[in-house]
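Engineer: Pasting a structure here, questions to come.
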Amino acid sequence: MKLKDLLRIIRANAILVTLAAVFGGLATVGASLLVPSTYTAQSDLFVSVRTTGDPMQMQSASTFIQERMQTYVRMVDDRAVLEPVIEDLNLTVTPEELGERVTASSETGTVLISIEASADSADSAAKLSNAVSKSLVTAIERLETTADGQSGSLRLVVANPAVPPQSADGLGWWMSGILGLLLGFALGVGVSILLSVLDTRLRSKEDIEELTQVPILAAIPSDSDLRGGPLDVRKDPFSIAGESFRRLRTNLQFARIDDSNRALLVTSAQAGEGKTTTSINLAIAMAQKGQKVALVDVDLRSPAVAERLGLENAMGLTSALIGEADVADLLQPWGLDELYVLTAGDRPPNPTEILDSRAMARVLARLLDEFDSVVLDAPPTLPVADSLVIGRQVGRIVVVVGLGELRDRDLTETLKSLDVVGVPVSLVLNKVSPSTTQTAGYYTSYADTARPPIIDETIHPSMAGQGLSAAAEAETASLDTQPIQTVVTDTFGMAAASESSHQQHCNVGVGETSRFRSVASSDDFSRSELAGAPPQRGANETREKSGKHSRRQLLARERKQP
């Protein structure tokens, strides 16, 4: 496991790790404060042998002492040693209980016996250790004394009497808290790693790359604004989400360079991964680049495009498939660009069969003849077979993967199902953390210094002469007095309608700044169609009717002058 993977797991389970660390620290501090303190004191006995100074005799005495040392150490918890201590100190414990509080040891190569005694106070520990040392000396001398009353050659002396210890045993409460904090943190990390191993949900780009070789076109950040409706890059042209969809549009352009079929199917493995959001905003991004795009809602079981875009869904794709209405009458324009939406319409009882019909093939072929790109918002792949049926009629399939929601086996099963269709498949990561999005760092810093572009900037004819040639000024000035003939022709060659209007002057000073023209809402389009008026096809016609022209149009007129 790499370090970044470990950090990702800790960040994903930050609450669990924090709670484990806090609980560990509080538990150890509470235990250190509630458990009674114990003190340990130590005394040392020196063992020697009476010799005459002869080297050979001293060597034999040293060997004799080493043999007896371990015997003396084991005698420290005998009843013969501890019973006198209980009587001397007036203790109310048995020799066996007192033996658990007393230990003796001797290091190899030394002639010292260390006796440690534990008690609930420092003075009691020191008294107990000294009392055991004296009792052990007395017991050994009694054993070493011969039958005729002569003392043995060994002699034990209390070399270092025990003194009351300055602090209790163990760590202080604050050290115990730090240790418990670290142990709790380690336990939380361990549990997090275990949960991540057991959890098969896809949480990063690396997880998907380890699972499949299908190319990933873009990563869409998690944004609450994207769930409520379509992305409007006019509000924030430098947003990370807007740039992600533009990146997806560009990568798709290169991925589809060999695709003869310009129909694009957007689906997902399960519901709720963001396929509809991706379909809508991808279509908007394509239209903003100048393409004529048709967005078709083929999710006949749970359509959502009409609701997201605020369009009518009384009649739509199903109406065209059953011959109730013509496709040209069902397409609804949206926004200022060449984006047309074909909603789902009424829900049929047999969605799979109706999508696999010849009528659907004819509708799709007709759309491909008239539009540069056709984006199909399809149902999820695993629950139903609708995407597999309609996927055979498109040029590419885009699978939206919701990070943190989709499991690896579901993605594998989805890709296997789509592999049978025989259409190129690409992936789009959705709901990616903004901090891990590839463009997050760049566009967050770059947006502060970049100059906002001119988007739908309108210029009144009275200001048209600024920075333009004399020919362009004359042509612009003529617009104030000459009527404009506007011809509207729908996508499929519907009857044209003409309208004449005179330019009206607005009280705009020469030094006044330009304004952004308001975006026509979908409700305005619906009302115009219901009233029998020809639908407005883009922003250019609207500007000509209002007498306002964008700077882009005026510069284009200037370039056309001889």
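Just remember, in the structure tokens the first chain shown is A, the second B, etc., residues are 1-based per chain, and ligands are 1-based in the order shown.
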Please provide as a list in words all residues within 9 Å of Ser105 (chain A), with the sequence filter that same-chain residues fewer than 5 positions apart are discarded (counting only C-alpha atoms).
Structural biologist: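 Result of the neighbour search: Gln70, Val73, Arg74, Leu112, Ile113, Ser114, Ile115 and Glu116 of chain A.
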Engineer: Write the residues of the preceding selection, restricted to C-alpha atoms, as an mmCIF file, in the first residue's frame.
Structural biologist:
data_model
loop_
_atom_site.group_PDB
_atom_site.id
_atom_site.type_symbol
_atom_site.label_atom_id
_atom_site.label_comp_id
_atom_site.auth_asym_id
_atom_site.auth_seq_id
_atom_site.Cartn_x
_atom_site.Cartn_y
_atom_site.Cartn_z
ATOM 1 C CA GLN A 70 20.099 -18.863 42.993
ATOM 2 C CA VAL A 73 16.947 -15.878 45.540
ATOM 3 C CA ARG A 74 14.281 -18.582 45.525
ATOM 4 C CA LEU A 112 24.316 -8.968 45.040
ATOM 5 C CA ILE A 113 20.744 -10.048 45.709
ATOM 6 C CA SER A 114 18.154 -7.344 44.960
ATOM 7 C CA ILE A 115 14.860 -7.490 46.846
ATOM 8 C CA GLU A 116 11.937 -5.408 45.598
#
Engineer: Write out as number ranges by chain each polymer residue whose atoms come within 9 Å of Ala126 (chain A), counting only C-alpha atoms; drop sequence neighbours fewer than 2 positions from it.
Structural biologist: A: 39-43, 116-119, 121-124, 128-131, 161-165
Engineer: Please, which residues of region 265-356 of chain A, numbered as in this document, come out helix (DSSP H, G or I) from DSSP, as a ChimeraX atom specification?
Structural biologist: /A:275-288,305-309,317-321,327-330,351-355
Engineer: So how far away is CA of Val432 (chain A) from CA of Thr412 (chain A), in Å?
Structural biologist: 19.8 Å
Engineer: I need the residue nearest Ser417 (chain A) from this list: A:Lys275, A:Arg308, A:Arg362, A:Arg392. Use only C-alpha atoms for the distance.
Structural biologist: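 Closest residue, counting only C-alpha atoms: A:Arg392.
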Engineer: Using only C-alpha atoms, pick whichever of A:Ala304, A:Leu34, A:Leu202, A:Val363 has the shortest atom-to-atom distance to Arg347 (chain A).
Structural biologist: A:Ala304
Engineer: As an MDAnalysis selection string, which residues of region 254-322 of chain A does DSSP assign to strand (DSSP E or B)?
Structural biologist: chainID A and resid 263:268 293:297
Engineer: Mind dumping the selected residues with N, CA and C atoms as a CSV table (one decimal), in the first residue's frame?
Structural biologist:
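Generated output (result-v6.csv):
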chain,number,residue,atom,x,y,z
A,263,ALA,N,-23.7,9.7,-32.8
A,263,ALA,CA,-24.6,9.6,-31.6
A,263,ALA,C,-23.8,9.1,-30.4
A,264,LEU,N,-24.1,9.7,-29.3
A,264,LEU,CA,-23.4,9.4,-28.1
A,264,LEU,C,-24.4,9.0,-27.0
A,265,LEU,N,-24.2,7.8,-26.4
A,265,LEU,CA,-25.0,7.3,-25.4
A,265,LEU,C,-24.4,7.4,-24.0
A,266,VAL,N,-25.1,8.1,-23.1
A,266,VAL,CA,-24.5,8.3,-21.7
A,266,VAL,C,-25.4,7.4,-20.8
A,267,THR,N,-24.7,6.6,-20.1
A,267,THR,CA,-25.4,5.7,-19.1
A,267,THR,C,-24.5,5.5,-17.9
A,268,SER,N,-25.0,4.6,-17.0
A,268,SER,CA,-24.2,4.3,-15.8
A,268,SER,C,-24.6,2.9,-15.4
A,293,VAL,N,-26.6,20.6,-31.5
A,293,VAL,CA,-26.7,19.4,-30.7
A,293,VAL,C,-28.1,19.1,-30.4
A,294,ALA,N,-28.4,17.8,-30.4
A,294,ALA,CA,-29.7,17.3,-30.0
A,294,ALA,C,-29.6,16.4,-28.7
A,295,LEU,N,-30.3,16.8,-27.7
A,295,LEU,CA,-30.2,16.0,-26.4
A,295,LEU,C,-31.5,15.2,-26.4
A,296,VAL,N,-31.5,13.9,-26.3
A,296,VAL,CA,-32.6,13.0,-26.4
A,296,VAL,C,-32.7,12.2,-25.1
A,297,ASP,N,-33.8,12.3,-24.4
A,297,ASP,CA,-34.0,11.5,-23.2
A,297,ASP,C,-34.6,10.2,-23.6
Engineer: Taking into account only C-alpha atoms, which residue in the set A:Thr343, A:Asn313, A:Asn90, A:Ser373 is nearest to Ala285 (chain A)?
Structural biologist: A:Ser373
Engineer: Taking only residues of region 153-225 of chain A that have an atom at most 12 Å from an atom of region 4-21 of chain A, what is each one's shortest atom pair and its distance in Å to one decimal, using only C-alpha atoms, in chain and number order, as CSV?
Structural biologist:
residue,atom,partner,partner_atom,distance
A:Gly177,CA,A:Ala21,CA,10.0
A:Ile178,CA,A:Ala21,CA,9.6
A:Leu179,CA,A:Ala21,CA,9.9
A:Gly180,CA,A:Ala21,CA,7.4
A:Leu181,CA,A:Ala21,CA,4.7
A:Leu182,CA,A:Ala21,CA,6.5
A:Leu183,CA,A:Ala21,CA,7.1
A:Gly184,CA,A:Ala21,CA,4.0
A:Phe185,CA,A:Ala21,CA,4.3
A:Ala186,CA,A:Ala21,CA,7.8
A:Leu187,CA,A:Ala20,CA,6.8
A:Gly188,CA,A:Val17,CA,4.3
A:Val189,CA,A:Val17,CA,6.0
A:Gly190,CA,A:Val17,CA,9.0
A:Val191,CA,A:Val17,CA,8.4
A:Ser192,CA,A:Asn13,CA,6.2
A:Ile193,CA,A:Ile9,CA,6.8
A:Leu194,CA,A:Ile9,CA,10.0
A:Leu195,CA,A:Ile9,CA,9.3
A:Ser196,CA,A:Ile9,CA,7.0
A:Val197,CA,A:Ile9,CA,10.1
A:Asp199,CA,A:Ile9,CA,11.2
A:Arg203,CA,A:Arg8,CA,9.3
A:Ser204,CA,A:Arg8,CA,9.2
A:Lys205,CA,A:Asp5,CA,11.5
A:Glu206,CA,A:Asp5,CA,9.5
A:Asp207,CA,A:Asp5,CA,10.2
Engineer: Include N, CA, C and O atoms and write out the residues we just selected as a JSON list (two decimals), in the first residue's frame.
Structural biologist:
[["chain", "number", "residue", "atom", "x", "y", "z"],
["A", 177, "GLY", "N", -2.01, 9.39, 28.98],
["A", 177, "GLY", "CA", -2.94, 9.95, 28.00],
["A", 177, "GLY", "C", -2.33, 10.00, 26.60],
["A", 177, "GLY", "O", -3.00, 9.67, 25.61],
["A", 178, "ILE", "N", -1.06, 10.41, 26.52],
["A", 178, "ILE", "CA", -0.40, 10.46, 25.21],
["A", 178, "ILE", "C", -0.25, 9.06, 24.62],
["A", 178, "ILE", "O", -0.51, 8.83, 23.43],
["A", 179, "LEU", "N", 0.14, 8.11, 25.47],
["A", 179, "LEU", "CA", 0.29, 6.74, 24.99],
["A", 179, "LEU", "C", -1.05, 6.17, 24.53],
["A", 179, "LEU", "O", -1.14, 5.52, 23.48],
["A", 180, "GLY", "N", -2.09, 6.43, 25.31],
["A", 180, "GLY", "CA", -3.42, 5.96, 24.91],
["A", 180, "GLY", "C", -3.90, 6.63, 23.63],
["A", 180, "GLY", "O", -4.57, 5.99, 22.81],
["A", 181, "LEU", "N", -3.56, 7.91, 23.46],
["A", 181, "LEU", "CA", -3.92, 8.61, 22.23],
["A", 181, "LEU", "C", -3.27, 7.96, 21.02],
["A", 181, "LEU", "O", -3.91, 7.74, 19.98],
["A", 182, "LEU", "N", -1.99, 7.64, 21.15],
["A", 182, "LEU", "CA", -1.29, 7.00, 20.03],
["A", 182, "LEU", "C", -1.82, 5.60, 19.77],
["A", 182, "LEU", "O", -1.99, 5.19, 18.60],
["A", 183, "LEU", "N", -2.08, 4.85, 20.83],
["A", 183, "LEU", "CA", -2.62, 3.50, 20.65],
["A", 183, "LEU", "C", -4.00, 3.55, 20.02],
["A", 183, "LEU", "O", -4.33, 2.74, 19.14],
["A", 184, "GLY", "N", -4.84, 4.51, 20.45],
["A", 184, "GLY", "CA", -6.16, 4.65, 19.85],
["A", 184, "GLY", "C", -6.08, 5.05, 18.39],
["A", 184, "GLY", "O", -6.86, 4.56, 17.55],
["A", 185, "PHE", "N", -5.15, 5.94, 18.06],
["A", 185, "PHE", "CA", -4.97, 6.34, 16.66],
["A", 185, "PHE", "C", -4.55, 5.15, 15.82],
["A", 185, "PHE", "O", -5.07, 4.93, 14.71],
["A", 186, "ALA", "N", -3.59, 4.36, 16.33],
["A", 186, "ALA", "CA", -3.15, 3.18, 15.59],
["A", 186, "ALA", "C", -4.29, 2.19, 15.42],
["A", 186, "ALA", "O", -4.45, 1.58, 14.35],
["A", 187, "LEU", "N", -5.10, 2.02, 16.47],
["A", 187, "LEU", "CA", -6.24, 1.11, 16.36],
["A", 187, "LEU", "C", -7.25, 1.61, 15.33],
["A", 187, "LEU", "O", -7.79, 0.83, 14.53],
["A", 188, "GLY", "N", -7.51, 2.93, 15.32],
["A", 188, "GLY", "CA", -8.43, 3.50, 14.33],
["A", 188, "GLY", "C", -7.93, 3.33, 12.91],
["A", 188, "GLY", "O", -8.71, 3.02, 12.00],
["A", 189, "VAL", "N", -6.63, 3.53, 12.70],
["A", 189, "VAL", "CA", -6.06, 3.35, 11.36],
["A", 189, "VAL", "C", -6.17, 1.89, 10.94],
["A", 189, "VAL", "O", -6.49, 1.58, 9.79],
["A", 190, "GLY", "N", -5.90, 0.98, 11.88],
["A", 190, "GLY", "CA", -6.01, -0.44, 11.55],
["A", 190, "GLY", "C", -7.42, -0.84, 11.17],
["A", 190, "GLY", "O", -7.62, -1.58, 10.19],
["A", 191, "VAL", "N", -8.39, -0.34, 11.92],
["A", 191, "VAL", "CA", -9.79, -0.65, 11.59],
["A", 191, "VAL", "C", -10.16, -0.04, 10.25],
["A", 191, "VAL", "O", -10.89, -0.64, 9.45],
["A", 192, "SER", "N", -9.67, 1.17, 9.97],
["A", 192, "SER", "CA", -9.96, 1.82, 8.70],
["A", 192, "SER", "C", -9.40, 1.03, 7.53],
["A", 192, "SER", "O", -10.05, 0.87, 6.49],
["A", 193, "ILE", "N", -8.17, 0.53, 7.69],
["A", 193, "ILE", "CA", -7.57, -0.28, 6.62],
["A", 193, "ILE", "C", -8.37, -1.56, 6.41],
["A", 193, "ILE", "O", -8.61, -1.99, 5.27],
["A", 194, "LEU", "N", -8.81, -2.17, 7.51],
["A", 194, "LEU", "CA", -9.61, -3.38, 7.40],
["A", 194, "LEU", "C", -10.93, -3.10, 6.68],
["A", 194, "LEU", "O", -11.36, -3.88, 5.81],
["A", 195, "LEU", "N", -11.57, -1.99, 7.03],
["A", 195, "LEU", "CA", -12.83, -1.65, 6.36],
["A", 195, "LEU", "C", -12.62, -1.35, 4.88],
["A", 195, "LEU", "O", -13.46, -1.69, 4.04],
["A", 196, "SER", "N", -11.50, -0.68, 4.55],
["A", 196, "SER", "CA", -11.23, -0.38, 3.14],
["A", 196, "SER", "C", -10.96, -1.64, 2.34],
["A", 196, "SER", "O", -11.30, -1.72, 1.16],
["A", 197, "VAL", "N", -10.34, -2.64, 2.99],
["A", 197, "VAL", "CA", -10.10, -3.91, 2.29],
["A", 197, "VAL", "C", -11.42, -4.64, 2.05],
["A", 197, "VAL", "O", -11.64, -5.22, 0.99],
["A", 199, "ASP", "N", -14.35, -3.15, 1.92],
["A", 199, "ASP", "CA", -15.22, -2.32, 1.09],
["A", 199, "ASP", "C", -14.76, -2.38, -0.35],
["A", 199, "ASP", "O", -13.61, -2.04, -0.67],
["A", 203, "ARG", "N", -13.31, 4.29, -5.18],
["A", 203, "ARG", "CA", -13.17, 5.60, -4.55],
["A", 203, "ARG", "C", -12.14, 6.50, -5.21],
["A", 203, "ARG", "O", -12.01, 7.66, -4.83],
["A", 204, "SER", "N", -11.40, 6.00, -6.16],
["A", 204, "SER", "CA", -10.37, 6.83, -6.80],
["A", 204, "SER", "C", -10.14, 6.36, -8.22],
["A", 204, "SER", "O", -10.59, 5.27, -8.63],
["A", 205, "LYS", "N", -9.45, 7.20, -8.96],
["A", 205, "LYS", "CA", -9.09, 6.85, -10.34],
["A", 205, "LYS", "C", -8.18, 5.64, -10.38],
["A", 205, "LYS", "O", -8.27, 4.81, -11.28],
["A", 206, "GLU", "N", -7.31, 5.52, -9.37],
["A", 206, "GLU", "CA", -6.40, 4.38, -9.34],
["A", 206, "GLU", "C", -7.15, 3.07, -9.17],
["A", 206, "GLU", "O", -6.76, 2.04, -9.73],
["A", 207, "ASP", "N", -8.24, 3.08, -8.39],
["A", 207, "ASP", "CA", -9.03, 1.86, -8.22],
["A", 207, "ASP", "C", -9.60, 1.39, -9.55],
["A", 207, "ASP", "O", -9.64, 0.18, -9.84]]
Engineer: Would you mind listing what lies within 9 Å of region 76-80 of chain A as an MDAnalysis selection string, with only C-alpha atoms counted and same-chain residues fewer than 2 positions away left out?
Structural biologist: chainID A and resid 72:74 82:84 95:96 98:100 102:104 115 132:133 135:136 139
